[in-house]
Amino acid sequence: MGGHLLSWLTFAPTVGALLLLFARVLMSAREETIRRLALALSLIPLGLCIPVLMRFDPTASGPQMVERAPWIRFFGFNVDYFVGVDGLSLWFVVLSALLVTISILASWRAIDQHVLEFHIFLLLLETGLIGVFVALDLFLFFIFWEVMLVPMYFLIGIWGYERRIYAAVKFIIYTMVGSALMLAAIISLYYLNGGTTFDILAITENARAGRLALAPQTERWLFWGFALAFLIKVPLFPFHTWLPDAHVEAPTAGSVILAGVLLKMGGYGLLRFNLPLFPHATEEFAGLLCALAILSIIYGALVSMVQPDLKKLIAYSSVSHMGFVVLGIMARTEMGMQGAIFQMLSHGISTGALFVIVGVLSERRHTRVIAEFGGLARPMPVFSALFGILALASVALPTLSGFVGEFLVLVGTYTSELAHARAYTVLAATAMIFSAAYMLWMLERVLFGEITHEENRHLPDVNRRERLTLIPMAVLVIVMGVLPNPILRRTDRAISEVKQAAHGAVLVQWESPGWRMPNPALSKGAARERMGLMRRR
Amino acid sequence: MESLGITYRVIGPELVLTVTGVLVMLLEAFSPGKKVRDGILAAAGVVLAGVAALALWDEGPVMAFSQMVIADGLRVFFTLVIVLGTLLTILVSWSFLDEERIPPGEYFALLLFGTVGMTLLVASNDLMMLFLALETITIATYVLAGYRREDLRSTESALKYFLLGAFSSAFLLYGIVLIYGATRTTNLAEMARIMSGPLEEAEIVLLMAGVAMLLIGFGFKVTTVPFHVWTPDVYEGAPTPVTAFLSTAPKAAGFAAFLRVFSLTFAPLGIESAADQLASHWVSAVTAMSILSMTFGNFVAIVQTNIKRMLAYSSIAHAGYVLIGVLARDWAAVAFYMLVYTLMNLGGFAIVALWARRGDKWVLIADYAGLGFRQPLLSFPLAIFLVSLAGFPGTAGFVAKFWLFKSAWGAGFQELVLIGVLNTVVSVYYYLYVVIVMFFREPKEEVPRIPLSRAFMTTMVVALVGVFYLGLLPTRVFAFLNAAQNLLAIGAR
C-alpha cells in the first residue's frame, strides 16, 4: 500500500461502492446493514488521510506521494495516470473524505428510499472529489472533474425536494457549459505547449520559465476558458444562479458535499491553473474579478438577509463567503491566497455543518421556514449551542475558523498591488457586518424568544448520531480558529510558489508590448506584504 | 488470371459472409423456422468474416481485382467494427424474431447480405465498386426496414427509405460519371495520382460538379444535414433491432468510404494541383454539413417525445461530430469513434427494443417513467449508454470525442471544435432527460417486469464492457489502430 497511498485513497470509495452492491446482490443485506457498511467504508479513505498528513513534508517543493504510470498512449495522447498532493490540494483531500462521512451520518434517517443506490452514488462521488484534487495530469483532472457530476445529478434528482428535477438539470447544464469550454482550452493548451504532454507540472514549469510563450490574445482566451468553469463552480456573481436551486433542492448530504467540496474546486482550479499558467491575463482581469467578488460578497449577504427559508439563506451566504475566496486569490498576495484556502476549508466545515443542522430541523418539523421556529433553545439546548457555534464560525467571529480566513483575505487584499486595493478591502469588510446581521438575526428568530409554535415545544434534542456528526465539526471550527498554523504551515510553500509563478512571469515580460505594465510600486508592495507576513507570525 | 489480380484471399470476409448468407437462406427453404440453428450459423459466419479480415493484416496494403479492392488498415479495422455491429444486431433481434413471428432464416440472410455490402464498401478502391457495394447494402436494408409488413409505420419507413435512397444513389452515380469525365478513371489510386497534377479548367469544373454530387450521395447515406430528412421517419418506423443496425454498421461503412474518398483521395497535397483546388471547396462544404448536423441534430432531439426519433436525431448529431474527424483527415479517430458509437448505440437500442415489446408499442420517452429502480438491469445500462453518448468522461464516448476534437484542433478547425463542445452540452440535456424520466418520475400505470433473455444479457455485457474498457483503457485498441495506420495504401499521412 505504501507507494500507492493516494490511489488507495482515491479509489477506496469506488471499491466500497462495489462492495455495497455485492452486499446487496449476494447477501441481500438490509438497509440498516447497508448504512453501517457504507459508514465503515467511508471511514477507510478518512483513515487513509492520516498517513497522508503524516508523510506530508511542508517544506518540500512540488507534489508529494507522487504516483505516475503511462496510461493512454499513441496518437499524441501521452496521458499519464499521475497523482500527487501538494499544499494546494492536501487539505481539500482531507475535507472531501471528512464530509462524505459526515454526509452518510447526516442521511441516516433522512434517506429511507433506495438506500443502497444513495450510498453507492455518494461513494462514487467521493472518488471524483478526491480525484480532482490529486490529479496532476490535465486529462485525468478533466475526467474526475466531469465524472463527479453524474452522481451529484442523481443525488439531487432522486433524493431531493419538490423542484429537484429542475435543480438537477440546471446544475448539470451550468457546470457542463463551463467544463465544455475548459475542454477546448485544455486541448488548445496541449498544442501550444508542444503537443506532447498533459502533465500539469510540466506545463506550469514551461509557463514559469517563459517557454510557453502565449500571444496575449491567446492567453486571454485560455484564461477565460479555464476561469469560466471555475467561476461557475465557485460560484461568482453573475454565474451563481444555479447554486441556490441546487442547494435548496438537494438532500442534506448533497448540500453538504456541494457547499463543502464542489464549490472549492473552483477556487482550487484558479490557484492551480489560472494564476501560474496565465499570469498576464490574470494581471489584466484581476481587477474585474475582484469587483465581481465584492459584488458576490455584498449581494450574497443582502439576499441572505431576506430569505424566509433556512436552506436558501445558507445557500446565499455561500455566495457571499466564496466571494472572499475569489478576492483573496485575485489579490495574489501570499496572505490573500492563504486566506482563500483557509476560508474554503472553514466554509466547507461550517457551512457543511449548517446544512446538517437544517437537515436536523427539517427531519423533525418537515419545514425549513424560519418563521416556523423560534425559542428552540429551550427544548433543544445542545442543538442550539452547536448551531450557535457553527453560525458564528460562518460569521467570522474571532477565535472561530471563519475569522482567520476572512481576516487573511482582507489583509492580503489591502497589501496587494491591485489598483483600488483599499477600496476593495473596505467594501469587503462591510459585508462582514451584513453577514453578522443575517446570521444573528436568523439565530434569534430560530433559537431565542418565545415558542410561537406548539409543535416546537417538545422537539427532541439532538440524538447520539447527530451529536457524533455535529460535535466534531464544532470542535474543528474552534480548533481551526485558535490554531490555524498547522493548516497554514502546510499550504505556505505551495502558495508562495504560485505567487512566484504569477509574479515572476509578469516580470519576465516586463518590456513586452501589449501588456499593461505591472504596477511600478511592486517593490513597495512586496515590502508591505513582508510586513504583513511578519505581523502574522 | 494473375494479371487481373484475382486473389480470393483479399475478398475472404465477403466470400465467407456470402456463403453463409446463401447457406442460411437454403436451410430456411428446406427446414424453416429454426431460429437457433440459423442464428448461430449466421453469427459463426460473421465471426469467421472477422477472422478472415484479421488474416489480411499481414498482407500489408494490397490491391486486387484490377485494383478494385484494397486490403489495408482502414479496411481491416472498419470490417471489424461492422462485424461487431452485425453480431450484436443478431443478438438484439433474438427475441424480436419470436415475438413478431418472422422467418429467421430470411432475416438473418438479409442481415448477412447487407453486411457483405458494408465490408465490400469498406474494401472498395474504385468508385464503381463503391457504388455496387452501397446498392447491395441498401437493397438488403430496404427489406429489413419494412419487415413488419402489417404495420403501417414499418411499411412507410421502408418506402421512404427506398425512394430517398434511390434518389441519393442516383446522385452518387451521376457524381461518379462526372468525376470519370474529368479524370478518365474511377479507380481511387489512379484518381489520386491524376489529381496530384494540374487539370484543365473545364475538367476542374466537371470534377467539382461530380464531387458535389458525390457529397450529396454520401450525405444521404451517413445522415448529415441537409440530407437527413429520411432518418427520423425511417428510424422510427423500422423494427427497433433493424433501427439499431441501420444506425451503426452501415453508417460505419459509409464513413469508411467517405474517409477513403474525401480524406484520403481528395486530400490536399500542399502543392499546385487539382486536389488542392478541389480541397478548399469540399472542406468548406463538409464544414457546413458538420456544423448543421451537430446543431440541428442536437436541438431537434431536445423536443422529441419518441425515443427512437430522439436517437435518430442524436445519430444525425453524431454524424456531425464524425465529419469533424473527416475534415481533420484523421481516419483513426473516426474509426475509433465509429467503434465506440456502434457499441453504445447498439447497447442503447437493445434496451429500447426490449422495452418496446411486441409491436414496437412502448417507444415514447414517457413510457420509461419509473423504470429506474423497478428494473435496474434495464435502466442502469441504458443510463450508462446515454451518458456515454453524451460524452461523459470515464466512458468510451468521451475518449472518442476527445480524440476527434483534439485532432481537429491540431488540424486547424478550432471553430468547429468550439461548436462541437458546446453542442455536447446541448446533447446532455436530452440524453439525461431520459434518465430523469426513468429515475425521477413515477409511472402512471403498473410497470411490467420484462424477462431478460440470455441473448440480451450477452449484448449488455459486451456493450458495457466495451464502453468502459474503451473509456478507461483504450491504449490497446489505440496500438492496434496505430499499426493499422501504417498499413494505409494511399494517402497515408
# chains A, B, ... in the order shown; residues from 1 in each chain; ligands from 1

call {"tool": "interface_residues", "arguments": {"of": "chain B", "to": "chain A", "cutoff": "10 Å", "atoms": "only C-alpha atoms", "output": "ChimeraX atom specification"}}
result
/B:330,332-333,373,387,391-395,398-399,402-403,405-410,414,417-429,432-433,435-437,439-441,472-482

call {"tool": "residues_around", "arguments": {"residues": "range 404-415 of chain A", "least_positions_apart": "6", "cutoff": "6 Å", "atoms": "only C-alpha atoms", "output": "list in words"}}
result
Gly328, Ala331, Thr333, Met335, Gly336, Gly339, Phe342, Gln343, Ala421, Arg422, Thr425 and Glu529 of chain A

call {"tool": "write_last_selection", "arguments": {"atoms": "C-alpha atoms", "output": "CSV table (one decimal), in the first residue's frame"}}
result
chain,number,residue,atom,x,y,z
A,328,GLY,CA,-8.1,36.5,-1.9
A,331,ALA,CA,-5.2,39.7,-4.8
A,333,THR,CA,-0.5,38.1,-2.2
A,335,MET,CA,-1.8,36.2,2.7
A,336,GLY,CA,-4.7,36.6,0.3
A,339,GLY,CA,-6.7,33.2,3.4
A,342,PHE,CA,-8.3,28.7,4.7
A,343,GLN,CA,-11.7,30.4,4.0
A,421,ALA,CA,-6.9,47.6,-3.2
A,422,ARG,CA,-8.0,49.6,-0.2
A,425,THR,CA,-10.9,45.8,1.3
A,529,GLU,CA,3.5,42.3,2.2

call {"tool": "closest_residue", "arguments": {"among": "B:Met129, B:Gly165, B:Val177, B:Val143", "to": "Gly219 in chain B", "atoms": "only C-alpha atoms"}}
result
B:Gly165

call {"tool": "select_by_dssp", "arguments": {"residues": "range 19-185 of chain A", "states": "strand (DSSP E)", "output": "list of chain:residue names"}}
result
A:Gln64, A:Met65, A:Val66, A:Glu67, A:Arg68, A:Ala69, A:Pro70, A:Trp71, A:Ile72, A:Val79, A:Asp80, A:Tyr81, A:Phe82, A:Val83, A:Gly84, A:Val85

call {"tool": "write_last_selection", "arguments": {"atoms": "N, CA and C atoms", "output": "tab-separated table (two decimals), in the first residue's frame"}}
result
chain	number	residue	atom	x	y	z
A	64	GLN	N	3.86	15.66	-3.58
A	64	GLN	CA	4.44	14.56	-2.81
A	64	GLN	C	3.58	13.32	-2.95
A	65	MET	N	4.16	12.20	-2.55
A	65	MET	CA	3.48	10.90	-2.64
A	65	MET	C	3.02	10.67	-4.08
A	66	VAL	N	3.90	11.05	-4.99
A	66	VAL	CA	3.54	11.03	-6.40
A	66	VAL	C	3.47	9.60	-6.93
A	67	GLU	N	2.49	9.36	-7.75
A	67	GLU	CA	2.41	8.08	-8.46
A	67	GLU	C	2.26	8.43	-9.92
A	68	ARG	N	3.00	7.71	-10.73
A	68	ARG	CA	2.93	8.05	-12.15
A	68	ARG	C	3.09	6.79	-12.98
A	69	ALA	N	2.21	6.61	-13.92
A	69	ALA	CA	2.32	5.47	-14.82
A	69	ALA	C	1.72	5.87	-16.15
A	70	PRO	N	2.33	5.43	-17.25
A	70	PRO	CA	1.72	5.74	-18.54
A	70	PRO	C	0.33	5.12	-18.62
A	71	TRP	N	-0.59	5.85	-19.21
A	71	TRP	CA	-1.97	5.36	-19.20
A	71	TRP	C	-2.49	5.21	-20.63
A	72	ILE	N	-2.66	6.32	-21.34
A	72	ILE	CA	-3.14	6.21	-22.71
A	72	ILE	C	-2.03	6.71	-23.63
A	79	VAL	N	-1.15	10.41	-22.21
A	79	VAL	CA	-1.81	10.68	-20.95
A	79	VAL	C	-1.20	9.78	-19.89
A	80	ASP	N	-0.88	10.38	-18.76
A	80	ASP	CA	-0.35	9.59	-17.65
A	80	ASP	C	-1.38	9.49	-16.55
A	81	TYR	N	-1.33	8.37	-15.85
A	81	TYR	CA	-2.03	8.34	-14.57
A	81	TYR	C	-1.04	8.99	-13.60
A	82	PHE	N	-1.31	10.20	-13.20
A	82	PHE	CA	-0.31	10.98	-12.48
A	82	PHE	C	-1.02	11.69	-11.32
A	83	VAL	N	-0.74	11.22	-10.11
A	83	VAL	CA	-1.38	11.84	-8.95
A	83	VAL	C	-0.33	12.23	-7.92
A	84	GLY	N	-0.70	13.16	-7.08
A	84	GLY	CA	0.18	13.62	-6.01
A	84	GLY	C	-0.54	14.70	-5.24
A	85	VAL	N	-0.04	15.00	-4.02
A	85	VAL	CA	-0.64	16.12	-3.29
A	85	VAL	C	0.43	17.17	-3.05
